[in-house]
file my_file.csv (CSV, C-alpha atoms)
chain,number,residue,atom,x,y,z
A,1365,MET,CA,30.9,24.9,0.7
A,1366,THR,CA,30.1,23.1,-2.5
A,1367,SER,CA,31.1,19.8,-4.0
A,1368,SER,CA,32.7,19.2,-7.4
A,1369,ALA,CA,29.1,18.8,-8.6
A,1370,SER,CA,28.6,22.5,-7.8
A,1371,TYR,CA,25.7,22.0,-5.3
A,1372,PRO,CA,25.9,22.8,-1.5
A,1373,ILE,CA,26.8,19.9,0.8
A,1374,PHE,CA,25.9,19.2,4.4
A,1375,THR,CA,29.1,19.4,6.4
A,1376,GLU,CA,30.0,18.0,9.8
A,1377,GLU,CA,29.9,21.5,11.3
A,1378,MET,CA,26.3,21.9,10.1
A,1379,ARG,CA,25.0,19.2,12.4
A,1380,LYS,CA,25.2,21.7,15.3
A,1381,THR,CA,24.0,24.8,13.4
A,1382,HIS,CA,21.4,23.7,10.8
A,1383,THR,CA,17.9,22.5,11.1
A,1384,ILE,CA,17.0,19.6,8.8
A,1385,LEU,CA,13.5,20.1,7.2
A,1386,ILE,CA,11.6,17.0,6.3
A,1387,PRO,CA,8.3,16.9,4.2
A,1388,ASP,CA,5.5,15.3,6.1
A,1389,MET,CA,3.9,12.0,4.9
A,1390,LEU,CA,3.0,9.8,7.9
A,1391,PRO,CA,2.5,11.9,11.0
A,1392,LEU,CA,2.8,9.1,13.6
A,1393,HIS,CA,5.9,7.6,11.9
A,1394,PHE,CA,7.6,10.8,11.2
A,1395,SER,CA,7.2,12.1,14.8
A,1396,LEU,CA,9.2,9.1,15.9
A,1397,ILE,CA,11.7,9.5,13.0
A,1398,GLN,CA,12.3,13.1,14.1
A,1399,ALA,CA,13.0,11.8,17.7
A,1400,VAL,CA,15.6,9.3,16.2
A,1401,LEU,CA,17.3,12.0,14.3
A,1402,GLU,CA,17.5,14.3,17.3
A,1403,ALA,CA,18.9,11.4,19.4
A,1404,ALA,CA,21.7,11.1,16.8
A,1405,GLY,CA,22.6,14.8,17.3
A,1406,TYR,CA,20.7,16.4,14.4
A,1407,LYS,CA,18.2,19.2,14.6
A,1408,ALA,CA,15.1,18.2,12.7
A,1409,ALA,CA,11.6,19.6,11.9
A,1410,ILE,CA,8.7,18.0,10.1
A,1411,LEU,CA,7.0,20.4,7.7
A,1412,LYS,CA,3.3,21.0,8.4
A,1413,ASN,CA,2.6,23.8,5.9
A,1414,GLU,CA,-0.1,22.9,3.4
A,1415,GLY,CA,-2.8,24.6,1.3
A,1416,ARG,CA,-3.1,26.0,-2.2
A,1417,GLN,CA,0.1,28.0,-1.9
A,1418,VAL,CA,2.1,24.7,-1.5
A,1419,ILE,CA,0.5,23.3,-4.7
A,1420,ASP,CA,1.2,26.6,-6.5
A,1421,ALA,CA,4.8,26.6,-5.4
A,1422,GLY,CA,5.2,23.1,-6.8
A,1423,LEU,CA,3.6,24.0,-10.1
A,1424,ARG,CA,5.8,27.1,-10.3
A,1425,TYR,CA,9.1,25.5,-9.7
A,1426,VAL,CA,8.6,22.0,-11.1
A,1427,ASN,CA,7.8,21.0,-14.7
A,1428,ASN,CA,4.1,20.3,-14.7
A,1429,ASP,CA,4.4,17.0,-16.5
A,1430,ILE,CA,6.3,15.5,-13.6
A,1431,CYS,CA,4.5,13.3,-11.1
A,1432,TYR,CA,2.2,15.1,-8.6
A,1433,PRO,CA,4.0,13.8,-5.4
A,1434,ALA,CA,7.2,15.5,-6.7
A,1435,GLN,CA,5.3,18.8,-7.2
A,1436,LEU,CA,3.9,18.6,-3.6
A,1437,VAL,CA,7.1,17.7,-1.8
A,1438,ILE,CA,9.2,20.3,-3.6
A,1439,GLY,CA,6.4,22.8,-3.3
A,1440,GLN,CA,6.2,22.2,0.5
A,1441,PHE,CA,9.9,22.7,0.8
A,1442,ILE,CA,10.0,26.0,-1.2
A,1443,ASP,CA,6.8,27.4,0.4
A,1444,ALA,CA,8.4,26.7,3.9
A,1445,LEU,CA,11.6,28.4,2.9
A,1446,GLN,CA,9.8,31.4,1.5
A,1447,SER,CA,7.5,31.7,4.6
A,1448,GLY,CA,10.1,33.6,6.7
A,1449,ASN,CA,9.8,31.0,9.5
A,1450,TYR,CA,13.3,29.6,8.9
A,1451,ASP,CA,16.8,31.1,8.9
A,1452,LEU,CA,17.9,30.3,5.3
A,1453,GLN,CA,21.5,30.3,6.4
A,1454,HIS,CA,21.0,27.5,8.8
A,1455,VAL,CA,18.6,25.0,7.2
A,1456,ALA,CA,19.1,21.9,5.2
A,1457,LEU,CA,16.5,19.7,3.3
A,1458,LEU,CA,16.2,15.9,3.6
A,1459,LEU,CA,14.5,13.8,1.0
A,1460,SER,CA,14.4,10.0,0.6
A,1461,GLN,CA,15.8,8.4,-2.6
A,1462,THR,CA,15.2,4.8,-3.5
A,1463,GLY,CA,17.5,4.3,-6.4
A,1464,GLY,CA,14.9,2.3,-8.3
A,1465,GLY,CA,13.3,3.0,-11.7
A,1466,CYS,CA,10.6,5.3,-10.4
A,1467,ARG,CA,11.0,9.0,-11.0
A,1468,ALA,CA,11.2,9.4,-7.2
A,1469,SER,CA,14.9,8.7,-7.7
A,1470,ASN,CA,15.2,12.0,-9.5
A,1471,TYR,CA,13.4,14.1,-6.8
A,1472,ILE,CA,16.8,15.3,-5.5
A,1473,TYR,CA,17.8,16.8,-8.9
A,1474,LEU,CA,14.3,18.3,-9.3
A,1475,LEU,CA,14.5,19.9,-5.9
A,1476,ARG,CA,17.9,21.4,-6.5
A,1477,LYS,CA,16.7,22.8,-9.8
A,1478,GLY,CA,13.6,24.2,-8.2
A,1479,LEU,CA,15.6,25.9,-5.4
A,1480,GLU,CA,17.8,27.5,-8.1
A,1481,LYS,CA,14.8,28.8,-10.0
A,1482,ALA,CA,13.4,30.2,-6.7
A,1483,GLY,CA,16.7,31.9,-5.9
A,1484,LEU,CA,17.3,29.7,-2.8
A,1485,THR,CA,20.8,28.6,-3.7
A,1486,GLY,CA,23.2,27.6,-0.9
A,1487,ILE,CA,20.8,25.3,0.9
A,1488,PRO,CA,22.1,21.7,1.3
A,1489,VAL,CA,19.9,18.9,0.1
A,1490,ILE,CA,20.5,15.5,1.9
A,1491,SER,CA,19.7,12.3,0.1
A,1492,PHE,CA,18.4,9.8,2.5
A,1493,ASN,CA,19.1,6.4,0.9
A,1494,VAL,CA,20.8,3.1,1.5
A,1495,ALA,CA,21.9,2.6,-2.1
A,1496,GLY,CA,25.0,4.8,-1.9
A,1497,LEU,CA,23.6,7.2,-4.4
A,1498,GLU,CA,25.3,10.3,-3.0
A,1499,GLY,CA,27.0,11.1,0.3
A,1500,GLN,CA,26.9,14.1,2.6
A,1501,PRO,CA,29.8,14.3,5.0
A,1502,GLY,CA,27.7,15.7,7.8
A,1503,PHE,CA,24.9,13.1,7.6
A,1504,LYS,CA,25.7,9.5,8.2
A,1505,LEU,CA,23.2,6.6,8.6
A,1506,THR,CA,24.9,4.5,11.3
A,1507,PHE,CA,23.9,0.9,12.2
A,1508,LYS,CA,22.5,2.1,15.5
A,1509,MET,CA,20.5,4.9,13.9
A,1510,ALA,CA,19.1,2.4,11.2
A,1511,ARG,CA,17.9,0.0,13.9
A,1512,LYS,CA,16.1,2.9,15.7
A,1513,LEU,CA,14.5,4.1,12.4
A,1514,LEU,CA,13.2,0.6,11.7
A,1515,ALA,CA,11.8,0.4,15.2
A,1516,ALA,CA,10.1,3.7,14.6
A,1517,VAL,CA,8.5,2.2,11.5
A,1518,VAL,CA,7.2,-0.8,13.5
A,1519,TYR,CA,5.8,1.5,16.3
A,1520,GLY,CA,4.3,3.8,13.7
A,1521,ASP,CA,2.6,1.0,11.8
A,1522,LEU,CA,1.3,-0.4,15.0
A,1523,LEU,CA,-0.1,2.9,16.2
A,1524,MET,CA,-1.6,3.6,12.8
A,1525,TYR,CA,-3.3,0.2,12.7
A,1526,LEU,CA,-4.7,0.5,16.2
A,1527,THR,CA,-6.0,4.0,15.9
A,1528,ASN,CA,-7.7,3.2,12.7
A,1529,LYS,CA,-9.2,0.1,14.3
A,1530,VAL,CA,-10.4,1.6,17.5
A,1531,ARG,CA,-11.3,5.3,16.6
A,1532,PRO,CA,-14.6,4.5,14.8
A,1533,TYR,CA,-15.9,2.6,17.8
A,1534,GLU,CA,-14.6,4.5,20.7
A,1535,LYS,CA,-17.1,5.6,23.4
A,1536,VAL,CA,-15.1,8.6,24.4
A,1537,GLN,CA,-14.5,10.7,21.3
A,1538,GLY,CA,-10.7,11.4,20.8
A,1539,ALA,CA,-9.6,8.7,23.2
A,1540,ALA,CA,-7.7,6.7,20.5
A,1541,ASP,CA,-5.8,9.7,19.2
A,1542,ALA,CA,-5.0,10.8,22.7
A,1543,LEU,CA,-3.6,7.4,23.5
A,1544,ALA,CA,-1.5,7.5,20.3
A,1545,ARG,CA,-0.1,10.9,21.3
A,1546,LYS,CA,0.8,9.6,24.7
A,1547,TRP,CA,2.7,6.6,23.3
A,1548,LEU,CA,4.4,8.8,20.7
A,1549,GLN,CA,5.8,11.0,23.5
A,1550,SER,CA,6.9,8.0,25.5
A,1551,LEU,CA,8.5,6.2,22.6
A,1552,GLY,CA,10.2,9.4,21.3
A,1553,GLN,CA,11.7,10.0,24.7
A,1554,ASN,CA,13.0,6.4,24.9
A,1555,PHE,CA,14.7,6.9,21.5
A,1556,LYS,CA,16.5,9.9,22.9
A,1557,ASP,CA,17.4,8.4,26.2
A,1558,SER,CA,18.6,4.9,25.2
A,1559,GLY,CA,20.1,2.9,22.4
A,1560,ALA,CA,18.3,0.9,19.7
A,1561,PRO,CA,15.6,-1.3,21.3
A,1562,SER,CA,16.3,-5.0,21.3
A,1563,PHE,CA,13.8,-7.5,20.0
A,1564,GLY,CA,12.8,-8.2,23.6
A,1565,THR,CA,12.1,-4.5,24.2
A,1566,LEU,CA,10.1,-4.3,21.0
A,1567,LYS,CA,8.0,-7.3,21.9
A,1568,ARG,CA,7.2,-5.8,25.4
A,1569,SER,CA,6.5,-2.3,24.0
A,1570,CYS,CA,4.3,-3.5,21.1
A,1571,LEU,CA,2.3,-5.7,23.4
A,1572,ALA,CA,1.8,-2.9,26.0
A,1573,ILE,CA,0.6,-0.6,23.2
A,1574,ALA,CA,-1.8,-3.1,21.8
A,1575,LYS,CA,-3.2,-3.9,25.2
A,1576,ASP,CA,-3.7,-0.2,26.0
A,1577,PHE,CA,-5.8,0.2,22.9
A,1578,ALA,CA,-7.7,-3.0,23.6
A,1579,ALA,CA,-8.7,-1.6,27.0
A,1580,LEU,CA,-10.3,1.6,25.5
A,1581,PRO,CA,-14.1,1.4,25.9
A,1582,THR,CA,-15.8,0.8,22.5
A,1583,LYS,CA,-19.3,0.4,21.3
A,1584,ALA,CA,-20.7,-2.3,19.0
A,1585,VAL,CA,-21.9,-0.5,15.9
A,1586,LYS,CA,-21.8,-1.3,12.2
A,1587,LYS,CA,-19.5,0.8,10.0
A,1588,ILE,CA,-18.7,0.8,6.3
A,1589,LYS,CA,-15.1,-0.6,6.0
A,1590,VAL,CA,-12.9,1.2,3.5
A,1591,GLY,CA,-9.3,0.3,2.4
A,1592,ILE,CA,-6.9,2.9,1.0
A,1593,VAL,CA,-4.2,1.9,-1.5
A,1594,GLY,CA,-2.1,3.7,-4.1
A,1595,GLU,CA,1.2,5.5,-4.6
A,1596,ILE,CA,3.0,5.7,-1.3
A,1597,TYR,CA,3.0,9.5,-0.8
A,1598,ILE,CA,-0.5,10.2,-2.1
A,1599,LYS,CA,-2.2,7.4,0.0
A,1600,PHE,CA,-0.4,8.4,3.2
A,1601,ALA,CA,0.0,12.2,3.0
A,1602,ALA,CA,-3.0,14.4,3.8
A,1603,LEU,CA,-1.5,17.1,1.6
A,1604,GLY,CA,-1.5,14.7,-1.3
A,1605,ASN,CA,-5.0,13.2,-0.9
A,1606,ASN,CA,-6.9,16.3,0.3
A,1607,HIS,CA,-7.2,14.9,3.8
A,1608,LEU,CA,-8.9,11.7,2.7
A,1609,GLU,CA,-8.7,10.1,6.1
A,1610,ARG,CA,-10.4,13.1,7.8
A,1611,PHE,CA,-13.2,13.0,5.1
A,1612,LEU,CA,-13.7,9.2,5.7
A,1613,GLN,CA,-14.0,9.9,9.4
A,1614,SER,CA,-16.7,12.5,8.7
A,1615,GLN,CA,-18.6,9.8,6.7
A,1616,ASN,CA,-18.7,7.5,9.7
A,1617,CYS,CA,-16.4,4.9,8.1
A,1618,GLU,CA,-13.7,2.5,9.4
A,1619,TYR,CA,-10.8,2.8,7.1
A,1620,MET,CA,-7.4,1.0,6.9
A,1621,LEU,CA,-4.1,1.6,5.1
A,1622,PRO,CA,-1.3,-1.0,4.6
A,1623,GLY,CA,1.7,-0.4,6.8
A,1624,LEU,CA,5.0,1.1,5.8
A,1625,LEU,CA,6.9,-2.0,6.9
A,1626,HIS,CA,5.4,-4.0,4.0
A,1627,PHE,CA,6.7,-1.5,1.5
A,1628,LEU,CA,10.2,-1.7,3.0
A,1629,ILE,CA,10.2,-5.5,2.8
A,1630,TYR,CA,8.9,-5.2,-0.8
A,1631,CYS,CA,11.8,-2.8,-1.6
A,1632,VAL,CA,14.5,-5.3,-0.5
A,1633,ASP,CA,12.6,-8.3,-1.8
A,1634,THR,CA,12.7,-6.5,-5.2
A,1635,TYR,CA,16.5,-7.0,-5.3
A,1636,VAL,CA,16.1,-10.6,-4.2
A,1637,VAL,CA,13.5,-11.3,-7.0
A,1638,ASP,CA,15.5,-9.5,-9.6
A,1639,TYR,CA,18.6,-11.6,-8.8
A,1640,LYS,CA,16.6,-14.8,-9.3
A,1641,LEU,CA,15.0,-13.5,-12.5
A,1642,TYR,CA,17.9,-11.7,-14.2
A,1643,GLY,CA,21.0,-12.5,-12.2
A,1644,GLY,CA,23.4,-9.9,-10.9
A,1645,ARG,CA,25.9,-9.5,-8.0
A,1646,LEU,CA,25.7,-12.2,-5.4
A,1647,THR,CA,26.8,-9.8,-2.7
A,1648,ASN,CA,23.8,-7.5,-3.4
A,1649,TYR,CA,21.5,-10.5,-3.3
A,1650,LEU,CA,22.9,-11.8,0.0
A,1651,ALA,CA,22.7,-8.3,1.6
A,1652,ASN,CA,19.1,-7.8,0.6
A,1653,ALA,CA,18.1,-11.3,1.6
A,1654,ALA,CA,19.5,-10.6,5.1
A,1655,ALA,CA,17.7,-7.3,5.3
A,1656,LYS,CA,14.5,-9.0,4.3
A,1657,TRP,CA,15.0,-11.6,7.0
A,1658,TYR,CA,15.5,-8.9,9.6
A,1659,LEU,CA,12.5,-6.9,8.5
A,1660,GLN,CA,10.3,-9.9,8.6
A,1661,ARG,CA,11.4,-10.6,12.2
A,1662,LEU,CA,10.2,-7.1,13.0
A,1663,GLU,CA,6.9,-7.9,11.2
A,1664,LYS,CA,6.4,-11.0,13.4
A,1665,VAL,CA,6.9,-9.0,16.6
A,1666,MET,CA,4.1,-6.6,15.6
A,1667,ARG,CA,1.7,-9.3,14.4
A,1668,LYS,CA,2.2,-11.4,17.5
A,1669,ALA,CA,1.5,-8.4,19.8
A,1670,LEU,CA,-1.7,-7.6,18.0
A,1671,ALA,CA,-2.9,-11.2,18.2
A,1672,LYS,CA,-2.2,-11.4,21.9
A,1673,ALA,CA,-4.0,-8.1,22.7
A,1674,PRO,CA,-6.2,-9.4,21.0
A,1675,PHE,CA,-6.7,-7.8,17.6
A,1676,SER,CA,-6.9,-9.5,14.2
A,1677,PRO,CA,-3.4,-8.7,12.7
A,1678,PRO,CA,-2.9,-7.8,9.0
A,1679,SER,CA,-1.6,-10.4,6.7
A,1680,SER,CA,2.1,-11.1,6.7
A,1681,TYR,CA,4.2,-9.9,3.7
A,1682,GLU,CA,4.5,-13.5,2.4
A,1683,GLU,CA,0.8,-14.0,2.7
A,1684,THR,CA,0.1,-10.8,0.9
A,1685,LYS,CA,2.6,-11.6,-1.8
A,1686,ALA,CA,1.0,-15.0,-2.4
A,1687,LEU,CA,-2.3,-13.4,-3.2
A,1688,VAL,CA,-1.1,-12.2,-6.6
A,1689,LYS,CA,0.8,-15.3,-7.7
A,1690,GLY,CA,-0.1,-16.0,-11.3
A,1691,ILE,CA,-2.0,-12.7,-11.5
A,1692,ILE,CA,0.8,-10.1,-11.9
A,1693,GLY,CA,4.5,-10.9,-12.2
A,1694,TYR,CA,6.8,-10.3,-9.3
A,1695,GLY,CA,9.2,-8.7,-11.8
A,1696,ASN,CA,6.6,-5.9,-12.1
A,1697,ASN,CA,8.3,-3.8,-9.3
A,1698,MET,CA,8.5,-0.2,-10.5
A,1699,GLY,CA,7.0,2.1,-7.9
A,1700,GLU,CA,4.6,0.0,-5.8
A,1701,GLY,CA,4.3,-2.6,-8.6
A,1702,TRP,CA,2.7,-5.9,-7.8
A,1703,LEU,CA,2.4,-4.9,-4.1
A,1704,LEU,CA,-0.4,-2.4,-5.0
A,1705,THR,CA,-2.5,-5.1,-6.6
A,1706,ALA,CA,-1.8,-7.4,-3.6
A,1707,GLU,CA,-2.8,-4.8,-1.1
A,1708,MET,CA,-6.2,-4.5,-2.7
A,1709,LEU,CA,-6.8,-8.2,-2.3
A,1710,GLU,CA,-5.3,-8.3,1.2
A,1711,LEU,CA,-7.6,-5.5,2.4
A,1712,ALA,CA,-10.6,-7.3,0.9
A,1713,HIS,CA,-9.5,-10.5,2.6
A,1714,HIS,CA,-9.8,-8.6,5.9
A,1715,GLY,CA,-13.3,-7.2,5.2
A,1716,TYR,CA,-12.3,-3.8,3.7
A,1717,ASN,CA,-14.3,-4.5,0.5
A,1718,ASN,CA,-14.7,-0.8,-0.5
A,1719,ILE,CA,-11.3,0.3,-1.8
A,1720,ILE,CA,-10.0,3.7,-2.8
A,1721,CYS,CA,-7.0,3.5,-5.2
A,1722,CYS,CA,-5.2,6.9,-5.0
A,1723,GLN,CA,-3.7,7.7,-8.4
A,1724,PRO,CA,-1.4,10.7,-8.7
A,1725,PHE,CA,-0.9,12.4,-12.0
A,1726,GLY,CA,2.2,11.2,-13.8
A,1727,CYS,CA,2.6,7.9,-11.9
A,1728,LEU,CA,2.7,5.3,-14.7
A,1729,PRO,CA,3.5,2.3,-12.5
A,1730,ASN,CA,0.4,3.0,-10.3
A,1731,HIS,CA,-1.9,3.4,-13.3
A,1732,ILE,CA,-0.8,-0.1,-14.5
A,1733,ALA,CA,-0.7,-2.0,-11.2
A,1734,GLY,CA,-3.6,0.0,-9.7
A,1735,ARG,CA,-6.3,1.2,-12.2
A,1736,GLY,CA,-5.1,-1.3,-14.8
A,1737,MET,CA,-5.6,-4.3,-12.4
A,1738,ILE,CA,-9.1,-3.3,-11.1
A,1739,ASN,CA,-11.1,-5.5,-13.5
A,1740,ARG,CA,-8.8,-8.5,-12.7
A,1741,VAL,CA,-9.2,-7.9,-9.0
A,1742,LYS,CA,-12.9,-7.8,-9.3
A,1743,GLU,CA,-12.9,-11.1,-11.2
A,1744,LEU,CA,-11.0,-12.7,-8.3
A,1745,ALA,CA,-13.3,-11.2,-5.7
A,1746,ASP,CA,-16.5,-10.0,-7.1
A,1747,HIS,CA,-17.6,-8.5,-3.7
A,1748,ILE,CA,-14.9,-5.8,-4.0
A,1749,ASN,CA,-16.0,-2.2,-4.7
A,1750,VAL,CA,-13.0,-0.4,-6.1
A,1751,ILE,CA,-12.7,3.2,-7.4
A,1752,ALA,CA,-9.6,5.0,-8.6
A,1753,ILE,CA,-9.4,8.6,-7.6
A,1754,ASP,CA,-7.0,10.9,-9.5
A,1755,TYR,CA,-5.1,13.5,-7.6
A,1756,ASP,CA,-3.3,16.4,-9.3
A,1757,GLY,CA,-3.0,20.2,-8.9
A,1758,SER,CA,-6.1,20.9,-11.0
A,1759,ALA,CA,-8.4,18.1,-9.6
A,1760,SER,CA,-11.5,19.2,-7.8
A,1761,GLN,CA,-11.7,18.0,-4.2
A,1762,VAL,CA,-15.5,18.3,-4.4
A,1763,ASN,CA,-15.6,15.9,-7.3
A,1764,GLN,CA,-13.2,13.5,-5.6
A,1765,GLU,CA,-15.4,13.4,-2.4
A,1766,ASN,CA,-18.6,13.0,-4.4
A,1767,ARG,CA,-17.2,10.0,-6.1
A,1768,ILE,CA,-16.3,8.5,-2.8
A,1769,LYS,CA,-19.8,9.3,-1.4
A,1770,LEU,CA,-21.2,7.4,-4.4
A,1771,MET,CA,-19.0,4.4,-3.5
A,1772,LEU,CA,-20.2,4.5,0.1
A,1773,ALA,CA,-23.8,4.8,-0.9
A,1774,THR,CA,-23.3,1.7,-3.1
A,1775,ALA,CA,-21.7,-0.1,-0.1
A,1776,GLN,CA,-24.6,1.0,2.2
A,1777,ARG,CA,-27.1,-0.6,-0.2

call {"tool": "encode", "arguments": {"input": "my_file.csv", "output": "structure tokens"}}
result
Amino acid sequence: MTSSASYPIFTEEMRKTHTILIPDMLPLHFSLIQAVLEAAGYKAAILKNEGRQVIDAGLRYVNNDICYPAQLVIGQFIDALQSGNYDLQHVALLLSQTGGGCRASNYIYLLRKGLEKAGLTGIPVISFNVAGLEGQPGFKLTFKMARKLLAAVVYGDLLMYLTNKVRPYEKVQGAADALARKWLQSLGQNFKDSGAPSFGTLKRSCLAIAKDFAALPTKAVKKIKVGIVGEIYIKFAALGNNHLERFLQSQNCEYMLPGLLHFLIYCVDTYVVDYKLYGGRLTNYLANAAAKWYLQRLEKVMRKALAKAPFSPPSSYEETKALVKGIIGYGNNMGEGWLLTAEMLELAHHGYNNIICCQPFGCLPNHIAGRGMINRVKELADHINVIAIDYDGSASQVNQENRIKLMLATAQR
């Protein structure tokens, strides 16, 4: 069945018959998001295919001047569909869409065009968005489902923070990752068995998780501390950054990434700031202000749990935002915008003075707010050691890793 726009749509009947394929980005978070979708009655699978064939598929079916994350995501979809592992008559694809000025808002169109070029017509593409960009009758984001998804983001951020904090110092190798898997299984089952967790349940669960990690035996050794920032897909997805986290583990580092929740708060805050700067519809402003308040309540739950465990929690969103006041305008909010600059300063504030800025080909906002702000960031904190690493289909992984080794050698000295 097709819409008036002549592309296949995801119908109500397909909920029972079709598996929704989702490109991987954050393994901990997406494992929980998959559980939320399954609890809502959908069949879902997170794609794990990677390698050169994925990159080549993206280059083959996406114009090579589009941003690298688009090439990877679309390449991963098409490579999976061509692998023979899925029934092409019973699959659908899900891709997030922000509705902002970034070209990520056009990924849906690019994906449909790539599918057509690959001869994979008839496969529905679901736009996952809250901006009302396009609807699919068989996929509905209910209030209950939204609350569960936000809880999944909180748990995912918490588990990511704790594993990154504990893993470099664990006495029993693999203990932190094993504990994270145990909690993923438990939380995923809870999402399937019960409704959206209340704030009380979130508080208890977050504190229990943090205390479990605090109880893991650790050793007191010195590690080089590295922060990772950049475009959201490239900094998080192993496919996009050539397994950067695995490489840093092999170099005996402690590394940290900013959480996904900060990015979500930034997204709704963008509408709040734009209303104050440029005006607009009062109803949109009020809706996003309310969403920001709710997300910041979730943030407080996680930060309090970490402090009680005790761990040193990351800065709050407002604290991070204040770091760039007068340095880069809050109206600079295309892509990661001012948040990227703020994350560099926030990581340095917590001792991660060696920072890798992941720059994908074709991402103009990141080159401005990332690479373009490095000199200014170094003026504000001269102890920061920042390098920008470019990622694209033709970039050499060996060269990328050699540049990072040089940064680590400088840090060691």

call {"tool": "residues_around", "arguments": {"input": "my_file.csv", "residues": "region 1681-1698 of chain A", "least_positions_apart": "3", "cutoff": "7 Å", "atoms": "all atoms listed in the file", "output": "list in words"}}
result
Gly1465, Cys1466, His1626, Thr1634, Val1637, Asp1638, Gly1701, Trp1702, Ala1706, Glu1707, Leu1709, Glu1710 and Pro1729 of chain A

call {"tool": "residues_around", "arguments": {"input": "my_file.csv", "residues": "region 1475-1486 of chain A", "least_positions_apart": "2", "cutoff": "12 Å", "atoms": "only C-alpha atoms", "output": "ChimeraX atom specification"}}
result
/A:1365-1367,1369-1374,1421-1427,1434-1446,1451-1460,1468-1473,1488-1491

call {"tool": "residues_around", "arguments": {"input": "my_file.csv", "residues": "region 1393-1403 of chain A", "least_positions_apart": "4", "cutoff": "8 Å", "atoms": "all atoms listed in the file", "output": "MDAnalysis selection string"}}
result
chainID A and resid 1388:1389 1407:1410 1509 1512:1513 1516:1517 1519:1521 1548 1551:1553 1555:1557

call {"tool": "atom_distance", "arguments": {"input": "my_file.csv", "atom1": "CA of Thr1375 (chain A)", "atom2": "CA of Asn1493 (chain A)"}}
result
17.3 Å

call {"tool": "atom_distance", "arguments": {"input": "my_file.csv", "atom1": "CA of Pro1532 (chain A)", "atom2": "CA of Ser1679 (chain A)"}}
result
21.4 Å

call {"tool": "atom_distance", "arguments": {"input": "my_file.csv", "atom1": "CA of Tyr1635 (chain A)", "atom2": "CA of Ile1738 (chain A)"}}
result
26.5 Å

call {"tool": "closest_residue", "arguments": {"input": "my_file.csv", "among": "A:Leu1392, A:Ile1588, A:Gly1604, A:Gly1538", "to": "Arg1777 (chain A)", "atoms": "all atoms listed in the file"}}
result
A:Ile1588

call {"tool": "residues_around", "arguments": {"input": "my_file.csv", "residues": "Gly1757 (chain A)", "least_positions_apart": "2", "cutoff": "8 Å", "atoms": "all atoms listed in the file", "output": "number ranges by chain"}}
result
A: 1419, 1423, 1432, 1755, 1759

call {"tool": "residues_around", "arguments": {"input": "my_file.csv", "residues": "Lys1668 (chain A)", "least_positions_apart": "5", "cutoff": "10 Å", "atoms": "only C-alpha atoms", "output": "count of residues only"}}
result
9

call {"tool": "closest_residue", "arguments": {"input": "my_file.csv", "among": "A:Phe1627, A:Phe1507, A:Ala1574, A:Asn1648", "to": "Gln1660 (chain A)", "atoms": "all atoms listed in the file"}}
result
A:Phe1627

call {"tool": "closest_residue", "arguments": {"input": "my_file.csv", "among": "A:Asp1429, A:Ala1542, A:Thr1383, A:Ala1655", "to": "Asn1449 (chain A)", "atoms": "only C-alpha atoms"}}
result
A:Thr1383
